[in-house]
file structure_7.tsv (TSV, C-alpha atoms)
chain	number	residue	atom	x	y	z
A	535	MET	CA	-149.23	184.47	-103.79
A	536	GLN	CA	-145.86	184.11	-105.51
A	537	GLY	CA	-142.21	184.32	-104.47
A	538	LYS	CA	-138.82	182.64	-104.75
A	539	ILE	CA	-137.29	179.81	-102.72
A	540	LYS	CA	-134.70	181.48	-100.49
A	541	PHE	CA	-133.08	178.29	-99.23
A	542	LEU	CA	-133.73	174.67	-98.22
A	543	ASP	CA	-132.25	173.49	-94.92
A	544	GLY	CA	-129.06	171.61	-95.80
A	545	LYS	CA	-129.23	169.18	-92.89
A	546	THR	CA	-132.78	167.88	-93.04
A	547	GLN	CA	-133.72	168.79	-96.64
A	548	LYS	CA	-137.24	169.18	-95.25
A	549	TRP	CA	-137.88	172.88	-94.62
A	550	GLY	CA	-136.84	176.29	-95.78
A	551	TYR	CA	-138.00	179.82	-96.54
A	552	ILE	CA	-139.65	181.66	-99.42
A	553	VAL	CA	-139.07	185.35	-100.24
A	554	PRO	CA	-142.48	186.77	-101.30
A	555	ASN	CA	-142.58	188.94	-104.42
A	556	ASP	CA	-144.49	191.65	-102.53
A	557	GLY	CA	-141.48	192.43	-100.36
A	558	THR	CA	-143.05	191.26	-97.09
A	559	ALA	CA	-141.35	189.02	-94.51
A	560	ASP	CA	-139.98	185.59	-95.45
A	561	VAL	CA	-142.39	182.65	-95.34
A	562	HIS	CA	-141.53	179.29	-93.79
A	563	PHE	CA	-142.35	176.09	-95.69
A	564	HIS	CA	-142.12	172.32	-95.18
A	565	VAL	CA	-141.52	170.17	-98.26
A	566	SER	CA	-144.74	168.26	-97.52
A	567	ASP	CA	-146.62	171.48	-98.33
A	568	PHE	CA	-145.54	171.07	-101.96
A	569	GLY	CA	-146.99	167.56	-102.35
A	570	GLY	CA	-145.48	164.96	-104.70
A	571	ASP	CA	-141.99	166.12	-105.73
A	572	GLY	CA	-140.88	168.67	-103.17
A	573	PRO	CA	-138.07	171.17	-103.80
A	574	SER	CA	-134.37	170.31	-103.53
A	575	THR	CA	-131.39	172.58	-102.88
A	576	ALA	CA	-131.05	172.88	-106.68
A	577	ASP	CA	-134.40	174.72	-106.68
A	578	GLU	CA	-133.15	177.63	-104.58
A	579	GLY	CA	-134.07	180.82	-106.42
A	580	ARG	CA	-136.94	179.15	-108.33
A	581	ASP	CA	-140.31	180.86	-108.62
A	582	VAL	CA	-143.09	179.35	-106.50
A	583	GLU	CA	-146.80	179.85	-105.95
A	584	PHE	CA	-148.35	179.29	-102.53
A	585	GLN	CA	-151.14	180.14	-100.12
A	586	LEU	CA	-150.05	182.29	-97.18
A	587	GLU	CA	-151.04	181.42	-93.62
A	588	GLU	CA	-150.19	183.86	-90.83
A	589	GLY	CA	-150.22	182.83	-87.19
A	590	GLU	CA	-148.89	183.80	-83.81
A	591	PHE	CA	-145.48	182.30	-84.53
A	592	GLY	CA	-144.92	183.46	-88.08
A	593	ARG	CA	-145.85	183.05	-91.72
A	594	SER	CA	-146.20	179.65	-93.42
A	595	ALA	CA	-146.75	178.46	-96.98
A	596	ARG	CA	-149.53	176.01	-97.84
A	597	HIS	CA	-150.38	174.21	-101.11
A	598	ALA	CA	-147.10	175.39	-102.66
A	599	ALA	CA	-145.87	174.52	-106.16
A	600	ILE	CA	-142.76	175.30	-108.18
A	601	LEU	CA	-143.53	177.32	-111.31
A	602	ASP	CA	-142.12	176.47	-114.72
A	603	PRO	CA	-140.44	179.19	-116.87
A	604	MET	CA	-143.85	180.09	-118.34
A	605	GLY	CA	-145.19	180.87	-114.86
A	606	THR	CA	-147.52	177.88	-114.59
A	607	ARG	CA	-147.50	175.25	-111.87
A	608	LYS	CA	-144.99	172.44	-112.40
A	609	ARG	CA	-147.00	169.24	-112.26
A	610	SER	CA	-145.64	166.43	-110.15
A	611	THR	CA	-145.86	162.90	-111.49
A	612	ALA	CA	-144.92	161.38	-108.15
A	613	VAL	CA	-147.62	159.49	-106.27
A	614	ARG	CA	-147.24	159.18	-102.53
A	615	PRO	CA	-147.02	155.53	-101.38
A	616	GLY	CA	-150.23	155.83	-99.37
A	617	ASP	CA	-152.18	157.03	-102.43
A	618	VAL	CA	-151.21	154.28	-104.88
A	619	LEU	CA	-154.19	152.06	-104.03
A	620	ARG	CA	-156.66	154.93	-104.44
A	621	GLN	CA	-155.15	155.83	-107.81
A	622	TRP	CA	-155.37	152.20	-108.99
A	623	SER	CA	-158.88	151.41	-107.78
A	624	PHE	CA	-162.06	152.65	-106.18
A	625	VAL	CA	-162.41	151.31	-102.62
A	626	PRO	CA	-165.57	152.28	-100.70
A	627	TYR	CA	-164.55	154.26	-97.63
A	628	VAL	CA	-168.23	155.13	-97.28
A	629	GLU	CA	-171.34	153.13	-96.46
A	630	PHE	CA	-172.04	150.29	-98.92
A	631	ARG	CA	-173.73	146.89	-99.15
A	632	GLY	CA	-171.38	143.89	-99.26
A	633	LYS	CA	-171.76	140.83	-101.49
A	634	ASN	CA	-173.05	139.01	-98.41
A	635	GLY	CA	-176.03	141.39	-98.27
A	636	LYS	CA	-174.89	143.17	-95.10
A	637	GLN	CA	-174.54	146.92	-94.77
A	638	TYR	CA	-171.07	148.26	-93.86
A	639	ASN	CA	-169.79	151.73	-93.02
A	640	SER	CA	-166.74	151.11	-95.22
A	641	ALA	CA	-164.67	148.36	-96.82
A	642	LEU	CA	-162.44	148.50	-93.73
A	643	GLU	CA	-165.32	147.35	-91.53
A	644	LEU	CA	-165.87	144.36	-93.83
A	645	LEU	CA	-162.16	143.46	-93.74
A	646	ALA	CA	-162.02	143.81	-89.93
A	647	GLU	CA	-165.04	141.51	-89.61
A	648	LEU	CA	-163.44	138.85	-91.83
A	649	ALA	CA	-159.94	138.99	-90.31
A	650	ILE	CA	-158.80	137.37	-87.08
A	651	ASP	CA	-159.62	139.56	-84.09
A	652	GLU	CA	-157.19	142.44	-83.71
A	653	ARG	CA	-157.18	145.97	-82.31
A	654	TRP	CA	-157.21	148.31	-85.31
A	655	PHE	CA	-157.15	151.59	-83.40
A	656	PHE	CA	-154.93	153.31	-80.85
A	657	GLY	CA	-155.73	154.03	-77.23
A	658	THR	CA	-158.63	152.64	-75.25
A	659	GLN	CA	-161.49	153.75	-77.52
A	660	SER	CA	-161.87	153.99	-81.28
A	661	ASP	CA	-162.72	157.27	-83.00
A	662	PRO	CA	-166.14	156.91	-84.71
A	663	ARG	CA	-164.89	159.15	-87.52
A	664	ASN	CA	-161.92	156.86	-88.19
A	665	PRO	CA	-162.40	153.53	-86.35
A	666	TYR	CA	-159.75	151.54	-88.27
A	667	PRO	CA	-156.64	153.74	-88.74
A	668	ILE	CA	-154.19	150.83	-88.39
A	669	LEU	CA	-156.10	148.64	-90.83
A	670	ASP	CA	-156.38	151.51	-93.30
A	671	SER	CA	-152.62	152.01	-93.18
A	672	HIS	CA	-151.99	148.28	-93.51
A	673	LEU	CA	-154.17	147.91	-96.60
A	674	ARG	CA	-152.82	150.93	-98.46
A	675	TYR	CA	-149.11	150.38	-97.79
A	676	THR	CA	-149.31	146.62	-98.28
A	677	PHE	CA	-150.70	147.33	-101.74
A	678	PHE	CA	-147.83	149.76	-102.40
A	679	LYS	CA	-145.30	147.05	-101.48
A	680	LEU	CA	-147.09	144.42	-103.60
A	681	LYS	CA	-147.20	146.78	-106.58
A	682	ASN	CA	-143.43	147.21	-106.35
A	683	GLU	CA	-143.02	143.44	-106.18
A	684	LYS	CA	-145.39	142.90	-109.14
A	685	ARG	CA	-147.65	140.72	-107.02
A	686	VAL	CA	-150.92	142.43	-107.92
A	687	LEU	CA	-152.53	140.16	-110.53
A	688	GLU	CA	-154.78	141.51	-113.27
A	689	PHE	CA	-156.82	139.47	-115.76
A	690	LYS	CA	-158.79	140.88	-118.69
A	691	ASP	CA	-160.93	139.07	-121.26
A	692	GLY	CA	-162.37	141.71	-123.54
A	693	LYS	CA	-164.38	144.18	-121.48
A	694	VAL	CA	-164.48	141.88	-118.44
A	695	GLY	CA	-161.57	142.16	-116.05
A	696	TRP	CA	-160.56	140.98	-112.58
A	697	ALA	CA	-157.69	141.84	-110.26
A	698	THR	CA	-156.53	140.62	-106.86
A	699	PHE	CA	-153.83	140.84	-104.22
A	700	ASN	CA	-153.00	139.13	-100.95
A	701	THR	CA	-153.82	141.44	-98.03
A	702	GLY	CA	-151.34	139.70	-95.72
A	703	LEU	CA	-154.19	139.11	-93.25
A	704	VAL	CA	-155.87	135.84	-92.27
A	705	ASP	CA	-159.32	134.81	-91.08
A	706	ARG	CA	-160.11	133.00	-87.83
A	707	LEU	CA	-158.95	129.70	-89.36
A	708	TYR	CA	-155.67	131.37	-90.46
A	709	ASP	CA	-156.62	131.15	-94.14
A	710	PRO	CA	-155.32	134.06	-96.26
A	711	ILE	CA	-157.63	136.94	-97.15
A	712	TYR	CA	-157.54	138.37	-100.67
A	713	ALA	CA	-158.89	141.63	-102.07
A	714	LEU	CA	-160.86	141.06	-105.27
A	715	PHE	CA	-161.56	143.81	-107.83
A	716	ALA	CA	-163.61	144.05	-111.01
A	717	SER	CA	-162.97	146.28	-114.01
A	718	ASN	CA	-164.47	149.72	-113.48
A	719	ASP	CA	-167.27	150.92	-115.76
A	720	ARG	CA	-165.81	154.42	-115.50
A	721	PRO	CA	-162.63	155.63	-117.24
A	722	SER	CA	-160.70	156.13	-114.01
A	723	PRO	CA	-159.57	154.40	-111.91
A	724	ALA	CA	-159.23	151.15	-113.85
A	725	TRP	CA	-160.57	148.91	-111.07
A	726	LYS	CA	-163.32	148.95	-108.47
A	727	PHE	CA	-163.61	146.98	-105.23
A	728	TYR	CA	-165.61	143.76	-105.45
A	729	ASP	CA	-165.05	141.90	-102.16
A	730	PHE	CA	-162.62	140.58	-99.55
A	731	CYS	CA	-162.57	136.80	-99.64
A	732	VAL	CA	-160.85	133.56	-98.66
A	733	PRO	CA	-159.96	131.13	-101.49
A	734	GLY	CA	-162.79	128.69	-102.18
A	735	LYS	CA	-165.10	130.11	-99.47
A	736	GLY	CA	-168.40	131.72	-100.46
A	737	SER	CA	-169.27	133.01	-103.91
A	738	SER	CA	-166.41	135.55	-103.98
A	739	GLY	CA	-163.84	133.00	-102.80
A	740	LYS	CA	-164.97	130.59	-105.50
A	741	LYS	CA	-164.81	133.32	-108.16
A	742	LEU	CA	-161.29	134.14	-107.01
A	743	THR	CA	-160.05	130.57	-107.54
A	744	GLU	CA	-161.96	130.23	-110.83
A	745	ILE	CA	-160.04	133.17	-112.30
A	746	PHE	CA	-156.58	133.07	-110.70
A	747	ASP	CA	-154.15	130.18	-110.44
A	748	PRO	CA	-151.72	130.39	-108.80
A	749	LEU	CA	-152.93	132.98	-106.33
A	750	PRO	CA	-150.58	135.90	-105.59
A	751	GLU	CA	-148.16	135.61	-102.69
A	752	PRO	CA	-148.11	138.04	-99.75
A	753	ALA	CA	-145.55	140.84	-99.60
A	754	THR	CA	-141.97	139.81	-98.82
A	755	TYR	CA	-140.09	141.77	-96.19
A	756	PHE	CA	-137.12	139.56	-95.30
A	757	SER	CA	-134.45	137.91	-97.46
A	758	GLY	CA	-133.34	135.73	-94.54
A	759	ASN	CA	-133.36	135.31	-90.77
A	760	PHE	CA	-130.41	137.72	-90.56
A	761	ASP	CA	-132.77	140.57	-91.49
A	762	MET	CA	-135.24	139.72	-88.73
A	763	LEU	CA	-132.96	140.11	-85.69
A	764	LEU	CA	-130.86	142.98	-84.39
A	765	ASP	CA	-127.29	141.84	-83.77
A	766	THR	CA	-126.72	143.01	-80.19
A	767	THR	CA	-122.93	142.53	-80.49
A	768	LYS	CA	-122.72	145.44	-82.95
A	769	ASP	CA	-122.57	149.16	-82.17
A	770	ILE	CA	-125.43	151.54	-82.92
A	771	HIS	CA	-124.09	154.91	-84.08
A	772	VAL	CA	-126.43	157.90	-83.84
A	773	ASP	CA	-126.12	161.38	-85.35
A	774	TYR	CA	-127.63	162.95	-82.25
A	775	GLU	CA	-127.56	166.52	-83.54
A	776	HIS	CA	-129.67	165.55	-86.56
A	777	VAL	CA	-132.01	163.34	-84.51
A	778	ILE	CA	-132.59	166.11	-81.97
A	779	LEU	CA	-133.01	169.11	-84.28
A	780	ASP	CA	-135.00	167.26	-86.95
A	781	GLY	CA	-137.10	165.40	-84.38
A	782	VAL	CA	-138.03	168.54	-82.46
A	783	SER	CA	-138.91	170.56	-85.56
A	784	ARG	CA	-141.14	167.71	-86.82
A	785	ASP	CA	-142.96	167.13	-83.53
A	786	ARG	CA	-141.53	163.69	-82.76
A	787	PHE	CA	-140.60	164.25	-79.12
A	788	PRO	CA	-143.12	164.20	-76.26
A	789	ALA	CA	-144.04	167.64	-74.96
A	790	ASP	CA	-143.34	166.52	-71.36
A	791	PHE	CA	-139.75	165.81	-72.36
A	792	LEU	CA	-139.22	169.11	-74.16
A	793	ALA	CA	-140.73	171.00	-71.24
A	794	HIS	CA	-137.72	169.87	-69.16
A	795	HIS	CA	-135.20	170.90	-71.84
A	796	ILE	CA	-136.02	174.50	-72.71
A	797	PRO	CA	-133.12	176.40	-74.34
A	798	LYS	CA	-132.00	179.72	-72.89
A	799	GLY	CA	-134.13	182.68	-73.84
A	800	PHE	CA	-136.90	180.58	-75.38
A	801	GLN	CA	-140.47	181.06	-74.19
A	802	TRP	CA	-142.20	177.77	-73.37
A	803	GLN	CA	-145.89	177.23	-74.01
A	804	ASP	CA	-148.26	174.28	-74.48
A	805	TYR	CA	-147.96	173.95	-78.25
A	806	SER	CA	-150.33	170.97	-78.40
A	807	LYS	CA	-153.26	173.44	-78.36
A	808	LEU	CA	-151.98	175.44	-81.34
A	809	GLN	CA	-153.25	175.22	-84.89
A	810	ARG	CA	-151.04	173.20	-87.25
A	811	ALA	CA	-149.26	176.17	-88.85
A	812	ASP	CA	-148.54	177.82	-85.48
A	813	ARG	CA	-147.48	174.51	-83.98
A	814	GLU	CA	-145.00	173.86	-86.80
A	815	ASN	CA	-143.54	177.36	-86.60
A	816	TYR	CA	-143.22	177.13	-82.82
A	817	LEU	CA	-141.34	173.81	-83.03
A	818	VAL	CA	-139.05	175.03	-85.81
A	819	GLY	CA	-138.17	177.96	-83.55
A	820	PHE	CA	-137.67	175.56	-80.63
A	821	SER	CA	-135.27	173.51	-82.76
A	822	HIS	CA	-133.27	176.62	-83.76
A	823	ALA	CA	-133.05	177.70	-80.13
A	824	ILE	CA	-131.71	174.27	-79.09
A	825	GLU	CA	-129.08	174.46	-81.83
A	826	GLN	CA	-127.86	177.78	-80.38
A	827	ASP	CA	-127.75	176.44	-76.80
A	828	LEU	CA	-124.95	173.89	-76.57
A	829	GLN	CA	-125.70	173.06	-72.93
A	830	CYS	CA	-129.32	172.24	-73.80
A	831	THR	CA	-128.22	170.14	-76.81
A	832	ARG	CA	-125.83	168.15	-74.61
A	833	ALA	CA	-128.51	167.56	-71.98
A	834	ILE	CA	-130.94	166.15	-74.57
A	835	LYS	CA	-128.15	164.08	-76.17
A	836	ASN	CA	-127.19	162.59	-72.79
A	837	ARG	CA	-130.79	161.58	-72.10
A	838	LEU	CA	-131.10	160.01	-75.55
A	839	GLU	CA	-127.87	158.08	-75.01
A	840	ASP	CA	-129.15	156.75	-71.68
A	841	ALA	CA	-132.46	155.74	-73.28
A	842	LYS	CA	-130.67	154.02	-76.18
A	843	ALA	CA	-128.43	152.12	-73.76
A	844	LEU	CA	-131.49	150.91	-71.86
A	845	GLY	CA	-133.15	149.87	-75.12
A	846	GLU	CA	-130.06	147.88	-76.08
A	847	LYS	CA	-130.04	146.15	-72.70
A	848	ARG	CA	-133.69	145.22	-73.13
A	849	THR	CA	-132.90	143.79	-76.57
A	850	ARG	CA	-130.04	141.67	-75.21
A	851	TRP	CA	-132.44	140.33	-72.59
A	852	ASN	CA	-135.29	139.77	-75.07
A	853	PHE	CA	-134.53	139.79	-78.82
A	854	LYS	CA	-138.19	140.65	-79.56
A	855	THR	CA	-137.60	144.14	-78.14
A	856	ALA	CA	-136.05	145.33	-81.44
A	857	ILE	CA	-139.00	145.25	-83.86
A	858	PRO	CA	-138.58	145.04	-87.66
A	859	GLN	CA	-140.45	147.72	-89.58
A	860	TYR	CA	-141.11	148.52	-93.24
A	861	TYR	CA	-140.69	152.20	-94.09
A	862	PRO	CA	-142.96	152.84	-97.12
A	863	THR	CA	-141.59	156.27	-98.01
A	864	HIS	CA	-138.11	154.80	-98.59
A	865	ASN	CA	-139.26	151.25	-99.41
A	866	THR	CA	-136.73	149.91	-96.88
A	867	MET	CA	-136.54	147.69	-93.81
A	868	SER	CA	-135.14	148.76	-90.45
A	869	PHE	CA	-135.53	148.13	-86.71
A	870	LEU	CA	-137.39	150.01	-84.00
A	871	LEU	CA	-135.71	150.41	-80.62
A	872	PRO	CA	-137.70	151.71	-77.62
A	873	LEU	CA	-136.65	155.03	-76.08
A	874	ALA	CA	-137.97	155.92	-72.62
A	875	LEU	CA	-137.24	159.61	-72.13
A	876	VAL	CA	-139.48	161.05	-69.42
A	877	SER	CA	-139.15	158.00	-67.17
A	878	ASP	CA	-137.54	154.57	-67.58
A	879	GLU	CA	-140.91	152.86	-67.05
A	880	LYS	CA	-142.69	154.28	-70.13
A	881	VAL	CA	-141.53	154.18	-73.76
A	882	ASP	CA	-142.12	157.54	-75.46
A	883	ILE	CA	-140.73	157.22	-79.00
A	884	ALA	CA	-138.89	154.72	-81.20
A	885	LEU	CA	-135.38	154.99	-82.63
A	886	VAL	CA	-135.16	153.86	-86.27
A	887	VAL	CA	-132.04	151.72	-86.75
A	888	THR	CA	-130.64	150.48	-90.08
A	889	ARG	CA	-127.80	148.04	-90.72
A	890	ASN	CA	-124.62	149.48	-92.27
A	891	PRO	CA	-122.68	147.53	-94.93
A	892	SER	CA	-119.93	147.08	-92.32
A	893	GLY	CA	-122.33	145.20	-90.01
A	894	SER	CA	-122.77	148.00	-87.48
A	895	TYR	CA	-125.97	150.00	-87.19
A	896	GLN	CA	-126.99	153.61	-87.75
A	897	GLY	CA	-129.67	155.36	-85.70
A	898	ARG	CA	-131.42	157.40	-88.39
A	899	THR	CA	-134.34	159.21	-86.79
A	900	VAL	CA	-137.05	158.90	-84.15
A	901	LEU	CA	-140.73	158.16	-84.74
A	902	PRO	CA	-143.85	158.71	-82.65
A	903	LEU	CA	-145.22	155.36	-81.49
A	904	GLU	CA	-148.30	155.67	-83.72
A	905	TRP	CA	-146.19	155.81	-86.87
A	906	ALA	CA	-143.84	153.13	-85.53
A	907	TYR	CA	-146.70	150.70	-84.92
A	908	LYS	CA	-148.24	151.26	-88.35
A	909	ASN	CA	-144.88	150.59	-90.04
A	910	ALA	CA	-144.24	147.50	-87.91
A	911	ARG	CA	-147.75	146.14	-88.48
A	912	LEU	CA	-147.09	145.97	-92.22
A	913	VAL	CA	-144.53	143.23	-91.54
A	914	CYS	CA	-146.60	141.37	-88.93
A	915	ARG	CA	-148.51	142.03	-85.72
A	916	PRO	CA	-145.74	142.95	-83.24
A	917	ASP	CA	-145.22	140.48	-80.40
A	918	SER	CA	-144.01	143.22	-78.11
A	919	ASP	CA	-144.18	144.39	-74.52
A	920	TRP	CA	-143.72	148.05	-75.47
A	921	LEU	CA	-145.31	148.65	-78.88
A	922	THR	CA	-149.01	147.82	-78.58
A	923	PRO	CA	-152.01	149.86	-79.85
A	924	ASP	CA	-153.59	150.26	-76.41
A	925	ARG	CA	-150.42	151.96	-75.10
A	926	VAL	CA	-150.16	154.40	-77.99
A	927	GLU	CA	-151.78	157.81	-77.70
A	928	SER	CA	-152.75	159.04	-81.16
A	929	ASP	CA	-152.01	162.76	-81.38
A	930	GLN	CA	-150.42	163.08	-84.81
A	931	THR	CA	-153.55	163.62	-86.86
A	932	GLY	CA	-152.61	167.17	-87.68
A	933	LEU	CA	-149.28	166.20	-89.25
A	934	PRO	CA	-148.42	164.71	-92.65
A	935	GLU	CA	-148.93	160.93	-92.71
A	936	GLU	CA	-145.83	160.17	-94.77
A	937	GLU	CA	-142.48	161.46	-93.59
A	938	ASP	CA	-138.84	160.70	-94.39

call {"tool": "encode", "arguments": {"input": "structure_7.tsv", "output": "C-alpha cells"}}
result
Amino acid sequence: MQGKIKFLDGKTQKWGYIVPNDGTADVHFHVSDFGGDGPSTADEGRDVEFQLEEGEFGRSARHAAILDPMGTRKRSTAVRPGDVLRQWSFVPYVEFRGKNGKQYNSALELLAELAIDERWFFGTQSDPRNPYPILDSHLRYTFFKLKNEKRVLEFKDGKVGWATFNTGLVDRLYDPIYALFASNDRPSPAWKFYDFCVPGKGSSGKKLTEIFDPLPEPATYFSGNFDMLLDTTKDIHVDYEHVILDGVSRDRFPADFLAHHIPKGFQWQDYSKLQRADRENYLVGFSHAIEQDLQCTRAIKNRLEDAKALGEKRTRWNFKTAIPQYYPTHNTMSFLLPLALVSDEKVDIALVVTRNPSGSYQGRTVLPLEWAYKNARLVCRPDSDWLTPDRVESDQTGLPEEED
C-alpha cells in the first residue's frame, strides 16, 4: 500500500500519520516501523510504501519505507547498534558443537558456562526459548561499543584470518574472556565464530595469544571518577510533559499506575492483552487524552515529582542508588534513578538523567526496568538494591528493542 507522510510528531519525533493514496482513513506509524533511517519532519509529504494493519483501536503501518522519486524503496544504510555484530560475523544462536567437544544450544550457553556465575534472565525462571536475554544484549552492544572505539582486532595472512574482542566478562578466576573468530569461507559476513576463551588457557586461549599481542582492551565507559557518581548537590530538571506523553505512548509506565490516572472521557481497558498494533494505538490515544486533560497531567506530574524526590533522597543516603548506564542508540552515558510510582516500597521504572554542561542534570526519559538493567549491565553488573534481574518482570518482548 502507498501514501504520503502527513506529519511527524514535533515533540517526540517518533510517531506520525500517513495519508493513504486510496483515500481511506489516516494510518498511524512509529518510526521504528521504517527500520534503519526513519523519517524526519523534512520528509512530510514524501511518498511511502507500507503494509496496513487494522485493529480495534485504529490503522497502523508496518514495514514502511520512504520511496525515492522513481517510486522505489529508499534503501537505508544505517545499521542498528544491536545488529552490528551479526553483520560483522556469524555467531551460532542455534545448536552447535564447541571446540571442547561439548554440545551447546547456542554460543550464549557456552559463554554463560565459561563466565563467572550470574543471572542472565529476568524474573524467577528463564524462558526456554530465550534463556540468556541479558547476556545476548551484553555481547551485541559491547561489540557495538568496541567497534566504535576501534578495539576489535583483525589479523589476516593471505586467506587465513583471525579476529578477537574483549567481551568485558571474566571467568571464575576473574581472568578476561575473549571472543575469537576465524575468517569465513563464505562471502558474507567476513568472520565466523570460533570460540570463547581465556588467554593462554586451552587450545583456543593459546591460539589467541599466539596471534594477538597486545590483546584488545575492554570497552571504556568512564573518562574519570566524576562520570561514575551523581552529584547530589545539583538539581535534576525534568521536562515532565515530554516524559509523561512520550512515556505513555511508548508503553514505559506500569499499567497499575495508569489505571489510577485515567483522563476524562477515556475508556480504560487492560491493554496488556492486546496485540502489538492495537496496544500501540491504544496507548497513543491514552497519551493524547492525557494531553487534553490538564488535571490528569498535573496529577501524574505530581506523582513523578514525589518519586524523583524519593529517588534523590535514596541517592544521598547511598551513592550506589544512581546507576551509570550506557545508552547504545545514542552512544552516550547517563544515570538511572529509581522511580516508585504505585507504592514507595517498589520501584516501577527508571528515570534517565544526563549531566548538563552547567553541572546540573536533565531528566530525559523513563525506561522499563528490563531495558534499564540491560543498559546498566553493559558498564558492569549493578551493585544495587533496586535494579536486579530477579525483581524485573520482562513484559516488553512485543516492543522494539532499541528506542531513543

call {"tool": "closest_residue", "arguments": {"input": "structure_7.tsv", "among": "A:Gln621, A:Thr767, A:Asn909, A:Asn639", "to": "Tyr755 in chain A", "atoms": "all atoms listed in the file"}}
result
A:Asn909

call {"tool": "closest_residue", "arguments": {"input": "structure_7.tsv", "among": "A:Val876, A:Ile552, A:Ala595, A:Val694", "to": "Asp577 in chain A", "atoms": "only C-alpha atoms"}}
result
A:Ile552

call {"tool": "closest_residue", "arguments": {"input": "structure_7.tsv", "among": "A:Leu763, A:Leu742, A:Ile834, A:Cys914", "to": "Glu652 in chain A", "atoms": "all atoms listed in the file"}}
result
A:Cys914

call {"tool": "closest_residue", "arguments": {"input": "structure_7.tsv", "among": "A:Leu901, A:Ala793, A:Leu703, A:Val913", "to": "Phe756 in chain A", "atoms": "only C-alpha atoms"}}
result
A:Val913

call {"tool": "closest_residue", "arguments": {"input": "structure_7.tsv", "among": "A:Leu669, A:Val772, A:Ala823, A:Ala559", "to": "Ala646 in chain A", "atoms": "all atoms listed in the file"}}
result
A:Leu669

call {"tool": "atom_distance", "arguments": {"input": "structure_7.tsv", "atom1": "CA of Leu792 in chain A", "atom2": "CA of Gly897 in chain A"}}
result
20.3 Å

call {"tool": "residues_around", "arguments": {"input": "structure_7.tsv", "residues": "Pro723 in chain A", "least_positions_apart": "2", "cutoff": "12 Å", "atoms": "only C-alpha atoms", "output": "list in words"}}
result
Val618, Leu619, Arg620, Gln621, Trp622, Ser623, Phe624, Val625, Phe715, Ala716, Ser717, Asn718, Asp719, Arg720, Pro721, Trp725, Lys726 and Phe727 of chain A

call {"tool": "residues_around", "arguments": {"input": "structure_7.tsv", "residues": "Tyr816 in chain A", "least_positions_apart": "2", "cutoff": "12 Å", "atoms": "all atoms listed in the file", "output": "VMD selection string"}}
result
chain A and resid 562 589 to 594 782 to 785 800 to 814 818 to 823

call {"tool": "decode", "arguments": {"input": "structure_7.tsv", "residues": "range 863-878 of chain A", "atoms": "N, CA and C atoms", "output": "PDB file, in the first residue's frame"}}
result
ATOM      1  N   THR A 863      21.842   3.337  21.608  1.00  0.00           N
ATOM      2  CA  THR A 863      21.238   4.047  20.493  1.00  0.00           C
ATOM      3  C   THR A 863      21.864   5.416  20.296  1.00  0.00           C
ATOM      4  N   HIS A 864      22.220   6.090  21.396  1.00  0.00           N
ATOM      5  CA  HIS A 864      22.845   7.409  21.325  1.00  0.00           C
ATOM      6  C   HIS A 864      24.345   7.366  21.582  1.00  0.00           C
ATOM      7  N   ASN A 865      24.870   6.190  21.940  1.00  0.00           N
ATOM      8  CA  ASN A 865      26.293   6.048  22.242  1.00  0.00           C
ATOM      9  C   ASN A 865      26.706   7.042  23.330  1.00  0.00           C
ATOM     10  N   THR A 866      25.906   7.121  24.406  1.00  0.00           N
ATOM     11  CA  THR A 866      26.164   8.076  25.484  1.00  0.00           C
ATOM     12  C   THR A 866      26.035   7.396  26.846  1.00  0.00           C
ATOM     13  N   MET A 867      26.600   8.073  27.855  1.00  0.00           N
ATOM     14  CA  MET A 867      26.479   7.636  29.239  1.00  0.00           C
ATOM     15  C   MET A 867      25.466   8.506  29.971  1.00  0.00           C
ATOM     16  N   SER A 868      24.784   7.919  30.934  1.00  0.00           N
ATOM     17  CA  SER A 868      23.836   8.661  31.762  1.00  0.00           C
ATOM     18  C   SER A 868      23.648   7.900  33.063  1.00  0.00           C
ATOM     19  N   PHE A 869      22.734   8.371  33.906  1.00  0.00           N
ATOM     20  CA  PHE A 869      22.441   7.716  35.176  1.00  0.00           C
ATOM     21  C   PHE A 869      20.998   7.252  35.200  1.00  0.00           C
ATOM     22  N   LEU A 870      20.758   6.214  35.987  1.00  0.00           N
ATOM     23  CA  LEU A 870      19.410   5.696  36.205  1.00  0.00           C
ATOM     24  C   LEU A 870      18.996   5.971  37.645  1.00  0.00           C
ATOM     25  N   LEU A 871      17.858   6.626  37.814  1.00  0.00           N
ATOM     26  CA  LEU A 871      17.335   6.936  39.141  1.00  0.00           C
ATOM     27  C   LEU A 871      16.035   6.172  39.345  1.00  0.00           C
ATOM     28  N   PRO A 872      15.855   5.494  40.483  1.00  0.00           N
ATOM     29  CA  PRO A 872      14.639   4.692  40.684  1.00  0.00           C
ATOM     30  C   PRO A 872      13.412   5.567  40.896  1.00  0.00           C
ATOM     31  N   LEU A 873      12.303   5.173  40.276  1.00  0.00           N
ATOM     32  CA  LEU A 873      11.022   5.849  40.473  1.00  0.00           C
ATOM     33  C   LEU A 873       9.996   4.823  40.948  1.00  0.00           C
ATOM     34  N   ALA A 874       9.498   5.012  42.163  1.00  0.00           N
ATOM     35  CA  ALA A 874       8.449   4.159  42.722  1.00  0.00           C
ATOM     36  C   ALA A 874       7.133   4.912  42.580  1.00  0.00           C
ATOM     37  N   LEU A 875       6.261   4.435  41.707  1.00  0.00           N
ATOM     38  CA  LEU A 875       5.052   5.172  41.378  1.00  0.00           C
ATOM     39  C   LEU A 875       3.801   4.627  42.049  1.00  0.00           C
ATOM     40  N   VAL A 876       3.603   3.337  42.007  1.00  0.00           N
ATOM     41  CA  VAL A 876       2.391   2.741  42.571  1.00  0.00           C
ATOM     42  C   VAL A 876       2.457   2.744  44.091  1.00  0.00           C
ATOM     43  N   SER A 877       3.622   2.381  44.638  1.00  0.00           N
ATOM     44  CA  SER A 877       3.840   2.465  46.080  1.00  0.00           C
ATOM     45  C   SER A 877       5.311   2.788  46.303  1.00  0.00           C
ATOM     46  N   ASP A 878       5.623   3.381  47.456  1.00  0.00           N
ATOM     47  CA  ASP A 878       7.004   3.778  47.740  1.00  0.00           C
ATOM     48  C   ASP A 878       7.920   2.583  47.970  1.00  0.00           C
TER      49      ASP A 878
END
